[in-house]
Every structure is written in structure tokens, then in C-alpha cells.
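Colleague: Sharing target-v5.pdb (PDB, C-alpha atoms) below.
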MODEL        1
ATOM      1  CA  ASP A 147       0.000   0.000   0.000  1.00  0.00           C
ATOM      2  CA  GLY A 148       1.199   3.496  -0.760  1.00  0.00           C
ATOM      3  CA  GLY A 149       1.654   5.975   2.017  1.00  0.00           C
ATOM      4  CA  ILE A 150       3.965   7.985   4.229  1.00  0.00           C
ATOM      5  CA  THR A 151       5.963   6.411   7.020  1.00  0.00           C
ATOM      6  CA  GLN A 152       7.301   8.472   9.892  1.00  0.00           C
ATOM      7  CA  SER A 153       9.717   7.027  12.404  1.00  0.00           C
ATOM      8  CA  PRO A 154      10.151   6.752  15.246  1.00  0.00           C
ATOM      9  CA  LYS A 155       6.681   7.205  16.710  1.00  0.00           C
ATOM     10  CA  TYR A 156       8.166   8.491  19.985  1.00  0.00           C
ATOM     11  CA  LEU A 157      11.553  10.159  20.408  1.00  0.00           C
ATOM     12  CA  PHE A 158      13.312  11.510  23.477  1.00  0.00           C
ATOM     13  CA  ARG A 159      16.013  14.129  23.223  1.00  0.00           C
ATOM     14  CA  LYS A 160      18.472  15.257  25.820  1.00  0.00           C
ATOM     15  CA  GLU A 161      19.405  18.890  26.185  1.00  0.00           C
ATOM     16  CA  GLY A 162      21.937  19.961  23.559  1.00  0.00           C
ATOM     17  CA  GLN A 163      21.430  16.915  21.387  1.00  0.00           C
ATOM     18  CA  ASN A 164      20.566  16.824  17.708  1.00  0.00           C
ATOM     19  CA  VAL A 165      17.930  14.303  16.626  1.00  0.00           C
ATOM     20  CA  THR A 166      16.663  13.294  13.201  1.00  0.00           C
ATOM     21  CA  LEU A 167      13.087  12.399  12.354  1.00  0.00           C
ATOM     22  CA  SER A 168      12.544  10.160   9.368  1.00  0.00           C
ATOM     23  CA  CYS A 169       9.874  10.609   6.674  1.00  0.00           C
ATOM     24  CA  GLU A 170       9.589   8.236   3.710  1.00  0.00           C
ATOM     25  CA  GLN A 171       6.865   8.126   1.044  1.00  0.00           C
ATOM     26  CA  ASN A 172       6.169   5.678  -1.772  1.00  0.00           C
ATOM     27  CA  LEU A 173       3.439   7.726  -3.415  1.00  0.00           C
ATOM     28  CA  ASN A 174       5.750   9.225  -6.036  1.00  0.00           C
ATOM     29  CA  HIS A 175       4.777  12.676  -4.792  1.00  0.00           C
ATOM     30  CA  ASP A 176       6.945  15.601  -5.790  1.00  0.00           C
ATOM     31  CA  ALA A 177       6.385  17.849  -2.785  1.00  0.00           C
ATOM     32  CA  MET A 178       7.021  17.099   0.866  1.00  0.00           C
ATOM     33  CA  TYR A 179       6.415  19.127   4.032  1.00  0.00           C
ATOM     34  CA  TRP A 180       7.217  19.203   7.736  1.00  0.00           C
ATOM     35  CA  TYR A 181       4.798  20.650  10.287  1.00  0.00           C
ATOM     36  CA  ARG A 182       4.983  21.155  14.019  1.00  0.00           C
ATOM     37  CA  GLN A 183       1.896  20.817  16.195  1.00  0.00           C
ATOM     38  CA  ASP A 184       1.841  21.921  19.826  1.00  0.00           C
ATOM     39  CA  PRO A 185      -0.853  20.797  22.287  1.00  0.00           C
ATOM     40  CA  GLY A 186      -4.180  22.299  21.382  1.00  0.00           C
ATOM     41  CA  GLN A 187      -2.605  24.177  18.501  1.00  0.00           C
ATOM     42  CA  GLY A 188      -2.847  24.154  14.756  1.00  0.00           C
ATOM     43  CA  LEU A 189      -0.127  23.272  12.293  1.00  0.00           C
ATOM     44  CA  ARG A 190       2.951  25.401  11.745  1.00  0.00           C
ATOM     45  CA  LEU A 191       5.090  24.851   8.650  1.00  0.00           C
ATOM     46  CA  ILE A 192       8.771  24.202   9.296  1.00  0.00           C
ATOM     47  CA  TYR A 193      10.203  23.352   5.861  1.00  0.00           C
ATOM     48  CA  TYR A 194       8.931  22.212   2.502  1.00  0.00           C
ATOM     49  CA  SER A 195      10.421  20.812  -0.682  1.00  0.00           C
ATOM     50  CA  GLN A 196       8.971  20.941  -4.167  1.00  0.00           C
ATOM     51  CA  ILE A 197      11.612  18.787  -5.871  1.00  0.00           C
ATOM     52  CA  VAL A 198      14.720  16.782  -5.076  1.00  0.00           C
ATOM     53  CA  ASN A 199      17.733  18.793  -3.896  1.00  0.00           C
ATOM     54  CA  ASP A 200      15.616  21.871  -3.234  1.00  0.00           C
ATOM     55  CA  PHE A 201      13.796  23.021  -0.112  1.00  0.00           C
ATOM     56  CA  GLN A 202      12.476  26.249   1.410  1.00  0.00           C
ATOM     57  CA  LYS A 203      12.003  27.562   4.914  1.00  0.00           C
ATOM     58  CA  GLY A 204       8.511  27.693   6.302  1.00  0.00           C
ATOM     59  CA  ASP A 205       7.222  29.891   9.083  1.00  0.00           C
ATOM     60  CA  ILE A 206       9.273  28.425  11.949  1.00  0.00           C
ATOM     61  CA  ALA A 207      12.507  27.058  10.405  1.00  0.00           C
ATOM     62  CA  GLU A 208      14.929  28.300  13.077  1.00  0.00           C
ATOM     63  CA  GLY A 209      16.580  25.419  14.906  1.00  0.00           C
ATOM     64  CA  TYR A 210      15.656  22.880  12.255  1.00  0.00           C
ATOM     65  CA  SER A 211      17.340  21.531   9.124  1.00  0.00           C
ATOM     66  CA  VAL A 212      16.265  19.237   6.291  1.00  0.00           C
ATOM     67  CA  SER A 213      17.629  17.490   3.222  1.00  0.00           C
ATOM     68  CA  ARG A 214      15.987  16.130   0.080  1.00  0.00           C
ATOM     69  CA  GLU A 215      18.519  13.876  -1.600  1.00  0.00           C
ATOM     70  CA  LYS A 216      15.887  11.403  -2.788  1.00  0.00           C
ATOM     71  CA  LYS A 217      12.330  11.928  -3.943  1.00  0.00           C
ATOM     72  CA  GLU A 218      11.070   9.427  -1.366  1.00  0.00           C
ATOM     73  CA  SER A 219      12.814  10.861   1.684  1.00  0.00           C
ATOM     74  CA  PHE A 220      12.659  14.149   3.584  1.00  0.00           C
ATOM     75  CA  PRO A 221      14.340  13.824   6.997  1.00  0.00           C
ATOM     76  CA  LEU A 222      14.070  16.586   9.589  1.00  0.00           C
ATOM     77  CA  THR A 223      16.878  17.312  12.067  1.00  0.00           C
ATOM     78  CA  VAL A 224      15.987  19.111  15.265  1.00  0.00           C
ATOM     79  CA  THR A 225      19.183  20.833  16.330  1.00  0.00           C
ATOM     80  CA  SER A 226      20.329  22.006  19.735  1.00  0.00           C
ATOM     81  CA  ALA A 227      19.515  25.534  18.584  1.00  0.00           C
ATOM     82  CA  GLN A 228      15.808  24.702  18.840  1.00  0.00           C
ATOM     83  CA  LYS A 229      15.129  25.713  22.424  1.00  0.00           C
ATOM     84  CA  ASN A 230      11.635  24.302  22.763  1.00  0.00           C
ATOM     85  CA  PRO A 231      11.468  21.178  20.599  1.00  0.00           C
ATOM     86  CA  THR A 232       8.850  19.237  22.536  1.00  0.00           C
ATOM     87  CA  ALA A 233       5.971  18.843  20.071  1.00  0.00           C
ATOM     88  CA  PHE A 234       4.200  16.522  17.655  1.00  0.00           C
ATOM     89  CA  TYR A 235       5.854  16.544  14.226  1.00  0.00           C
ATOM     90  CA  LEU A 236       3.927  15.730  11.079  1.00  0.00           C
ATOM     91  CA  CYS A 237       5.290  14.993   7.629  1.00  0.00           C
ATOM     92  CA  ALA A 238       3.125  15.287   4.511  1.00  0.00           C
ATOM     93  CA  SER A 239       3.483  14.902   0.783  1.00  0.00           C
ATOM     94  CA  SER A 240       1.533  15.966  -2.274  1.00  0.00           C
ATOM     95  CA  ILE A 241       1.423  16.007  -5.993  1.00  0.00           C
ATOM     96  CA  LEU A 242       1.919  19.654  -6.871  1.00  0.00           C
ATOM     97  CA  ASN A 243      -1.274  21.604  -6.213  1.00  0.00           C
ATOM     98  CA  SER A 244      -3.295  18.705  -4.805  1.00  0.00           C
ATOM     99  CA  GLY A 245      -4.270  17.830  -1.251  1.00  0.00           C
ATOM    100  CA  TYR A 246      -1.770  16.458   1.232  1.00  0.00           C
ATOM    101  CA  THR A 247      -1.227  12.931   2.516  1.00  0.00           C
ATOM    102  CA  PHE A 248       0.035  12.895   6.099  1.00  0.00           C
ATOM    103  CA  GLY A 249       2.186  10.487   8.039  1.00  0.00           C
ATOM    104  CA  SER A 250       1.167   9.297  11.498  1.00  0.00           C
ATOM    105  CA  GLY A 251       3.525  11.674  13.283  1.00  0.00           C
ATOM    106  CA  THR A 252       6.490  11.625  15.678  1.00  0.00           C
ATOM    107  CA  ARG A 253       6.132  12.842  19.240  1.00  0.00           C
ATOM    108  CA  LEU A 254       9.376  14.428  20.402  1.00  0.00           C
ATOM    109  CA  THR A 255      10.015  15.040  24.088  1.00  0.00           C
ATOM    110  CA  VAL A 256      12.969  16.729  25.730  1.00  0.00           C
ATOM    111  CA  VAL A 257      14.179  14.875  28.819  1.00  0.00           C
TER     112      VAL A 257
ATOM    113  CA  ALA B   6      -1.986  35.590   0.383  1.00  0.00           C
ATOM    114  CA  GLN B   7      -4.600  33.027   1.285  1.00  0.00           C
ATOM    115  CA  SER B   8      -5.977  32.509   4.782  1.00  0.00           C
ATOM    116  CA  VAL B   9      -8.471  30.324   6.613  1.00  0.00           C
ATOM    117  CA  ALA B  10     -10.547  31.072   9.685  1.00  0.00           C
ATOM    118  CA  GLN B  11     -12.200  28.505  11.915  1.00  0.00           C
ATOM    119  CA  PRO B  12     -14.076  30.715  14.353  1.00  0.00           C
ATOM    120  CA  GLU B  13     -14.956  28.031  16.904  1.00  0.00           C
ATOM    121  CA  ASP B  14     -12.302  26.363  19.038  1.00  0.00           C
ATOM    122  CA  GLN B  15     -14.800  23.695  20.060  1.00  0.00           C
ATOM    123  CA  VAL B  16     -18.204  22.490  18.926  1.00  0.00           C
ATOM    124  CA  ASN B  17     -20.383  20.398  21.217  1.00  0.00           C
ATOM    125  CA  VAL B  18     -23.241  18.301  19.879  1.00  0.00           C
ATOM    126  CA  ALA B  19     -25.324  15.400  21.130  1.00  0.00           C
ATOM    127  CA  GLU B  20     -25.159  12.088  19.335  1.00  0.00           C
ATOM    128  CA  GLY B  21     -27.799  11.839  16.626  1.00  0.00           C
ATOM    129  CA  ASN B  22     -28.030  15.593  16.155  1.00  0.00           C
ATOM    130  CA  PRO B  23     -26.745  17.384  13.053  1.00  0.00           C
ATOM    131  CA  LEU B  24     -23.345  19.041  13.284  1.00  0.00           C
ATOM    132  CA  THR B  25     -21.699  21.985  11.562  1.00  0.00           C
ATOM    133  CA  VAL B  26     -18.057  23.021  11.773  1.00  0.00           C
ATOM    134  CA  LYS B  27     -17.485  26.451  10.276  1.00  0.00           C
ATOM    135  CA  CYS B  28     -14.751  27.596   7.912  1.00  0.00           C
ATOM    136  CA  THR B  29     -14.270  30.817   5.991  1.00  0.00           C
ATOM    137  CA  TYR B  30     -11.440  31.532   3.599  1.00  0.00           C
ATOM    138  CA  SER B  31      -9.676  34.239   1.659  1.00  0.00           C
ATOM    139  CA  VAL B  32      -7.800  33.714  -1.620  1.00  0.00           C
ATOM    140  CA  SER B  33      -7.062  35.945  -4.564  1.00  0.00           C
ATOM    141  CA  GLY B  34      -7.752  33.301  -7.197  1.00  0.00           C
ATOM    142  CA  ASN B  35      -9.985  30.241  -7.370  1.00  0.00           C
ATOM    143  CA  PRO B  36     -10.142  28.404  -4.043  1.00  0.00           C
ATOM    144  CA  TYR B  37      -9.248  24.759  -3.659  1.00  0.00           C
ATOM    145  CA  LEU B  38     -10.728  23.766  -0.287  1.00  0.00           C
ATOM    146  CA  PHE B  39     -10.100  20.756   1.942  1.00  0.00           C
ATOM    147  CA  TRP B  40     -11.252  19.277   5.236  1.00  0.00           C
ATOM    148  CA  TYR B  41      -9.074  16.992   7.340  1.00  0.00           C
ATOM    149  CA  VAL B  42      -9.727  15.141  10.605  1.00  0.00           C
ATOM    150  CA  GLN B  43      -7.181  14.299  13.297  1.00  0.00           C
ATOM    151  CA  TYR B  44      -7.639  11.710  16.027  1.00  0.00           C
ATOM    152  CA  PRO B  45      -5.385  11.833  19.126  1.00  0.00           C
ATOM    153  CA  ASN B  46      -1.715  11.144  18.420  1.00  0.00           C
ATOM    154  CA  ARG B  47      -2.396  10.524  14.734  1.00  0.00           C
ATOM    155  CA  GLY B  48      -1.749  12.303  11.482  1.00  0.00           C
ATOM    156  CA  LEU B  49      -4.399  14.202   9.573  1.00  0.00           C
ATOM    157  CA  GLN B  50      -6.807  12.195   7.439  1.00  0.00           C
ATOM    158  CA  PHE B  51      -8.424  13.597   4.311  1.00  0.00           C
ATOM    159  CA  LEU B  52     -12.217  13.969   4.489  1.00  0.00           C
ATOM    160  CA  LEU B  53     -13.241  15.851   1.366  1.00  0.00           C
ATOM    161  CA  LYS B  54     -12.290  18.571  -1.083  1.00  0.00           C
ATOM    162  CA  TYR B  55     -13.809  21.171  -3.361  1.00  0.00           C
ATOM    163  CA  ILE B  56     -11.999  22.036  -6.579  1.00  0.00           C
ATOM    164  CA  THR B  57     -14.831  22.845  -8.974  1.00  0.00           C
ATOM    165  CA  GLY B  58     -18.351  21.680  -9.793  1.00  0.00           C
ATOM    166  CA  ASP B  59     -21.240  21.118  -7.406  1.00  0.00           C
ATOM    167  CA  ASN B  60     -21.235  23.321  -4.347  1.00  0.00           C
ATOM    168  CA  LEU B  61     -22.198  20.382  -2.111  1.00  0.00           C
ATOM    169  CA  VAL B  62     -19.316  17.986  -1.722  1.00  0.00           C
ATOM    170  CA  LYS B  63     -19.685  14.560  -0.142  1.00  0.00           C
ATOM    171  CA  GLY B  64     -16.794  12.896   1.613  1.00  0.00           C
ATOM    172  CA  SER B  65     -15.783  10.114   3.967  1.00  0.00           C
ATOM    173  CA  TYR B  66     -17.716   8.876   7.011  1.00  0.00           C
ATOM    174  CA  GLY B  67     -20.951  10.628   5.967  1.00  0.00           C
ATOM    175  CA  PHE B  68     -19.495  14.130   6.065  1.00  0.00           C
ATOM    176  CA  GLU B  69     -20.304  16.771   3.507  1.00  0.00           C
ATOM    177  CA  ALA B  70     -19.393  20.405   2.959  1.00  0.00           C
ATOM    178  CA  GLU B  71     -21.058  23.277   1.181  1.00  0.00           C
ATOM    179  CA  PHE B  72     -19.031  25.738  -0.840  1.00  0.00           C
ATOM    180  CA  ASN B  73     -20.526  29.235  -0.754  1.00  0.00           C
ATOM    181  CA  LYS B  74     -18.615  31.627  -2.950  1.00  0.00           C
ATOM    182  CA  SER B  75     -20.498  34.759  -1.960  1.00  0.00           C
ATOM    183  CA  GLN B  76     -19.919  34.126   1.739  1.00  0.00           C
ATOM    184  CA  THR B  77     -16.426  32.662   1.155  1.00  0.00           C
ATOM    185  CA  SER B  78     -17.364  29.740   3.365  1.00  0.00           C
ATOM    186  CA  PHE B  79     -16.860  25.976   3.295  1.00  0.00           C
ATOM    187  CA  HIS B  80     -18.695  24.626   6.341  1.00  0.00           C
ATOM    188  CA  LEU B  81     -18.418  20.940   7.229  1.00  0.00           C
ATOM    189  CA  LYS B  82     -21.680  19.168   8.023  1.00  0.00           C
ATOM    190  CA  LYS B  83     -23.081  15.804   9.008  1.00  0.00           C
ATOM    191  CA  PRO B  84     -26.792  15.012   9.384  1.00  0.00           C
ATOM    192  CA  SER B  85     -26.405  12.753  12.430  1.00  0.00           C
ATOM    193  CA  ALA B  86     -23.339  12.912  14.685  1.00  0.00           C
ATOM    194  CA  LEU B  87     -21.665   9.860  16.201  1.00  0.00           C
ATOM    195  CA  VAL B  88     -19.583   9.741  19.375  1.00  0.00           C
ATOM    196  CA  SER B  89     -16.767   8.398  17.196  1.00  0.00           C
ATOM    197  CA  ASP B  90     -16.794  11.675  15.222  1.00  0.00           C
ATOM    198  CA  SER B  91     -15.201  13.385  18.213  1.00  0.00           C
ATOM    199  CA  ALA B  92     -11.857  14.659  16.912  1.00  0.00           C
ATOM    200  CA  LEU B  93      -9.981  17.756  15.745  1.00  0.00           C
ATOM    201  CA  TYR B  94     -11.046  19.108  12.356  1.00  0.00           C
ATOM    202  CA  PHE B  95      -8.951  21.298  10.076  1.00  0.00           C
ATOM    203  CA  CYS B  96     -10.043  23.340   7.095  1.00  0.00           C
ATOM    204  CA  ALA B  97      -7.413  24.205   4.466  1.00  0.00           C
ATOM    205  CA  VAL B  98      -7.267  26.314   1.318  1.00  0.00           C
ATOM    206  CA  ARG B  99      -4.925  26.804  -1.576  1.00  0.00           C
ATOM    207  CA  ASP B 100      -5.068  29.275  -4.412  1.00  0.00           C
ATOM    208  CA  GLY B 101      -6.010  27.509  -7.639  1.00  0.00           C
ATOM    209  CA  ASN B 102      -3.723  29.665  -9.746  1.00  0.00           C
ATOM    210  CA  THR B 103      -0.864  28.036 -11.592  1.00  0.00           C
ATOM    211  CA  GLY B 104       2.464  27.512  -9.937  1.00  0.00           C
ATOM    212  CA  PHE B 105       3.326  25.826  -6.696  1.00  0.00           C
ATOM    213  CA  GLN B 106       0.865  26.696  -3.953  1.00  0.00           C
ATOM    214  CA  LYS B 107       1.066  25.471  -0.375  1.00  0.00           C
ATOM    215  CA  LEU B 108      -2.015  24.575   1.607  1.00  0.00           C
ATOM    216  CA  VAL B 109      -2.886  27.037   4.352  1.00  0.00           C
ATOM    217  CA  PHE B 110      -4.548  25.436   7.375  1.00  0.00           C
ATOM    218  CA  GLY B 111      -6.972  26.852   9.889  1.00  0.00           C
ATOM    219  CA  THR B 112      -6.281  26.555  13.602  1.00  0.00           C
ATOM    220  CA  GLY B 113      -8.620  23.598  13.984  1.00  0.00           C
ATOM    221  CA  THR B 114     -11.978  22.998  15.681  1.00  0.00           C
ATOM    222  CA  ARG B 115     -12.433  20.327  18.294  1.00  0.00           C
ATOM    223  CA  LEU B 116     -15.685  18.442  17.878  1.00  0.00           C
ATOM    224  CA  LEU B 117     -17.080  16.770  20.968  1.00  0.00           C
ATOM    225  CA  VAL B 118     -20.064  14.484  20.488  1.00  0.00           C
ATOM    226  CA  SER B 119     -21.752  13.444  23.712  1.00  0.00           C
ATOM    227  CA  PRO B 120     -23.690  10.173  24.092  1.00  0.00           C
TER     228      PRO B 120
ENDMDL
END
Is it possible to give me this structure as C-alpha cells?

Modeller:
Amino acid sequence: DGGITQSPKYLFRKEGQNVTLSCEQNLNHDAMYWYRQDPGQGLRLIYYSQIVNDFQKGDIAEGYSVSREKKESFPLTVTSAQKNPTAFYLCASSILNSGYTFGSGTRLTVV
Amino acid sequence: AQSVAQPEDQVNVAEGNPLTVKCTYSVSGNPYLFWYVQYPNRGLQFLLKYITGDNLVKGSYGFEAEFNKSQTSFHLKKPSALVSDSALYFCAVRDGNTGFQKLVFGTGTRLLVSP
């Protein structure tokens, strides 16, 4: 079945540590996105990518980095510069100018 | 730039009663409109979309939405609510003009259906 896989489902980060969240899709979608969701909040766009080897900052990119070396993969690194990383992270993909397909999310907690 | 407003943080309805979750939008071109649902600790699931055609759009799980161009609204409706419909609902819009266009999401409305 086609879809988006996010891993891990739960992730714990120590202070000052970088962590990478995985997002893989087999839908052959061109565009991919990362969103952050805080408790009781809506979605905030972190980064997005329209094509391989190209990506753009969203509304809250500070403290995060991404890469898009393959069409299927769009990993997100939460760096130590992100001072409040505890949140639910959602990855999505789309054919250009269609609706999004979302992964099941990664819950990141700072310990 | 496009925007979406979901004016209600929470909607409460009794099981068996009709429900409405409100959404208004603003775009410069033709609106492409979407509704998504999110259950706890899950990703967003697609419910329905309006691109063109009939103003009444039918989607998953018995939900439907009515596109009203003059009121720039796209309210989500269901004739008879179920307790299992309790979830967080997001409206989203993109400008239908050519070129890459990101979806813009509303802040979400929590639907609580009581037995």
C-alpha cells in the first residue's frame, strides 16, 4: 500500500542533542512538508520541498534543518539551537497543487 | 496571500443531532478547499475537497461540505453525529492559480459528540 511512514513514533532528546526524524513516502509525490503541532494548537510549517535537492524555509525554520537527496525521503533534524522542541511533528506529501497525505507523526520530548 | 478562519475552538453536539463546523477563507484566485480530521496522536486524514463543480461535496464517514462563494465559506456538516466523530477538524485552502501553492490550514476545531 502506498503511504507515508514516519519514524520513530516516539523520540526523546536530551538537552543539547541533535535528533533526526525520518519521513519516507512511496506515493511518487513531488512535494514534501514538515509541520509542528503543539498541544491544542494548529499546524505550523517548518520546511517544505517541491523537488529533489531543493527546499524552502517555512514559518518556523529556526533550529531545524532538512535534506531532500531522494524523492522518497525528507528527513528533519531538530538541532540544539531549537530551544523548545517538545511537540508533535507531522510529515506530509503531495502532488503539486493537490491535497496532502500525512504520516502518522512523531512525538518528540525533551528529557 | 490566502488565509483560513475557523471561528470556533470547540463544537459540542449530542449524538444523533446534526453538526456543523465552520470555515471561511480568503484567496485571490480560485479556491481549492479541503477538510481533514485528526484523532489523538495521529496524522491528519483527508475527508473531502472542493476544486470545482457542485457546491455540495460529499466525503468520507458521511461528512459533507457546502461551498458558498459569496460568503467565502466551506462549512463541514453531518446530518447525524456519532460519538466516534469526536476529533480535531482542520479546514485548508490553496489558491487555484498556476504555480506551486502550499495549503494554508486553519487553527482547527475540536468536535465533541456526547452520548

Colleague: Care to translate the PyMOL selection byres ((chain A) within 10 of (chain B)) into actual residues of this file, as an NGL selection string?

Modeller: :A and (152 or 155 or 177 or 179 or 186-191 or 194 or 196 or 234-238 or 240 or 242-253)

Colleague: Neighbouring residues of Val62 of chain B were defined as those with any atom within 9 Å, considering all atoms listed in the file; residues of the same chain fewer than 6 positions away were excluded. Please report them as a PyMOL selection string.

Modeller: chain B and resi 53-55+68-72

Colleague: With the file shown as input, list the residues that the PyMOL selection byres ((chain A and resi 200-202) around 12) selects, as a PDB file with C-alpha atoms, in the frame of the given file.

Modeller:
ATOM      1  CA  ASP A 176       6.945  15.601  -5.790  1.00  0.00           C
ATOM      2  CA  ALA A 177       6.385  17.849  -2.785  1.00  0.00           C
ATOM      3  CA  MET A 178       7.021  17.099   0.866  1.00  0.00           C
ATOM      4  CA  TYR A 179       6.415  19.127   4.032  1.00  0.00           C
ATOM      5  CA  TRP A 180       7.217  19.203   7.736  1.00  0.00           C
ATOM      6  CA  LEU A 191       5.090  24.851   8.650  1.00  0.00           C
ATOM      7  CA  ILE A 192       8.771  24.202   9.296  1.00  0.00           C
ATOM      8  CA  TYR A 193      10.203  23.352   5.861  1.00  0.00           C
ATOM      9  CA  TYR A 194       8.931  22.212   2.502  1.00  0.00           C
ATOM     10  CA  SER A 195      10.421  20.812  -0.682  1.00  0.00           C
ATOM     11  CA  GLN A 196       8.971  20.941  -4.167  1.00  0.00           C
ATOM     12  CA  ILE A 197      11.612  18.787  -5.871  1.00  0.00           C
ATOM     13  CA  VAL A 198      14.720  16.782  -5.076  1.00  0.00           C
ATOM     14  CA  ASN A 199      17.733  18.793  -3.896  1.00  0.00           C
ATOM     15  CA  LYS A 203      12.003  27.562   4.914  1.00  0.00           C
ATOM     16  CA  GLY A 204       8.511  27.693   6.302  1.00  0.00           C
ATOM     17  CA  ASP A 205       7.222  29.891   9.083  1.00  0.00           C
ATOM     18  CA  ILE A 206       9.273  28.425  11.949  1.00  0.00           C
ATOM     19  CA  ALA A 207      12.507  27.058  10.405  1.00  0.00           C
ATOM     20  CA  TYR A 210      15.656  22.880  12.255  1.00  0.00           C
ATOM     21  CA  SER A 211      17.340  21.531   9.124  1.00  0.00           C
ATOM     22  CA  VAL A 212      16.265  19.237   6.291  1.00  0.00           C
ATOM     23  CA  SER A 213      17.629  17.490   3.222  1.00  0.00           C
ATOM     24  CA  ARG A 214      15.987  16.130   0.080  1.00  0.00           C
ATOM     25  CA  GLU A 215      18.519  13.876  -1.600  1.00  0.00           C
ATOM     26  CA  LYS A 216      15.887  11.403  -2.788  1.00  0.00           C
ATOM     27  CA  LYS A 217      12.330  11.928  -3.943  1.00  0.00           C
ATOM     28  CA  PHE A 220      12.659  14.149   3.584  1.00  0.00           C
ATOM     29  CA  PRO A 221      14.340  13.824   6.997  1.00  0.00           C
ATOM     30  CA  LEU A 222      14.070  16.586   9.589  1.00  0.00           C
TER      31      LEU A 222
ATOM     32  CA  LYS B 107       1.066  25.471  -0.375  1.00  0.00           C
TER      33      LYS B 107
END

Colleague: Once the PyMOL selection byres ((chain B and resi 31) around 7) is applied to the coordinates I shared, what remains selected? I want it as a list of chain:residue names.

Modeller: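 Going through the file, the PyMOL selection byres ((chain B and resi 31) around 7) ends up selecting B:Gln7, B:Ser8, B:Val9, B:Tyr30, B:Val32, B:Ser33, B:Thr77.
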
Colleague: Which distance in Å separates atom CA of Asp59 of chain B and atom CA of Lys74 of chain B, to one decimal?

Modeller: 11.7 Å

Colleague: What is the distance between atom CA of Val165 of chain A and atom CA of Ser226 of chain A, in Å to one decimal?

Modeller: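 We find that atom CA of Val165 of chain A and atom CA of Ser226 of chain A lie 8.6 Å from each other.
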
Colleague: Show which residues sit within 9 Å of Gln163 of chain A, as a list in words. Count only C-alpha atoms, and ignore same-chain residues fewer than 3 positions away.

Modeller: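 Skipping anything fewer than 3 positions along the chain leaves Arg159, Lys160, Val224, Thr225 and Ser226 of chain A.
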
Colleague: Could you write those residues out with C-alpha atoms, as a compact mmCIF listing (two decimals), in the frame of the given file?

Modeller:
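Contents of the output file result-v4.txt:
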# COMPACT_ATOMS: atom_id res chain seq x y z
CA ARG A 159 16.01 14.13 23.22
CA LYS A 160 18.47 15.26 25.82
CA VAL A 224 15.99 19.11 15.26
CA THR A 225 19.18 20.83 16.33
CA SER A 226 20.33 22.01 19.74

Colleague: Select all residues near (-14.0, 12.1, 14.2) (cut-off 8 Å, inclusive, file coordinates), counting all atoms listed in the file, and output them as a PyMOL selection string.

Modeller: chain B and resi 42-44+88-94+116

Colleague: Would you mind telling me which residue in B:Gly58, B:Gly21, B:Ala10, B:Gln15 lies nearest to His80 of chain B when using only C-alpha atoms?

Modeller: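 When distances to His80 of chain B are compared using only C-alpha atoms, the smallest one comes from B:Ala10.
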
Colleague: When you draw a straight line from atom CA of Ser239 of chain A to atom CA of Asn172 of chain A, how long is it in Å?

Modeller: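 Between atom CA of Ser239 of chain A and atom CA of Asn172 of chain A the gap works out to 9.9 Å.
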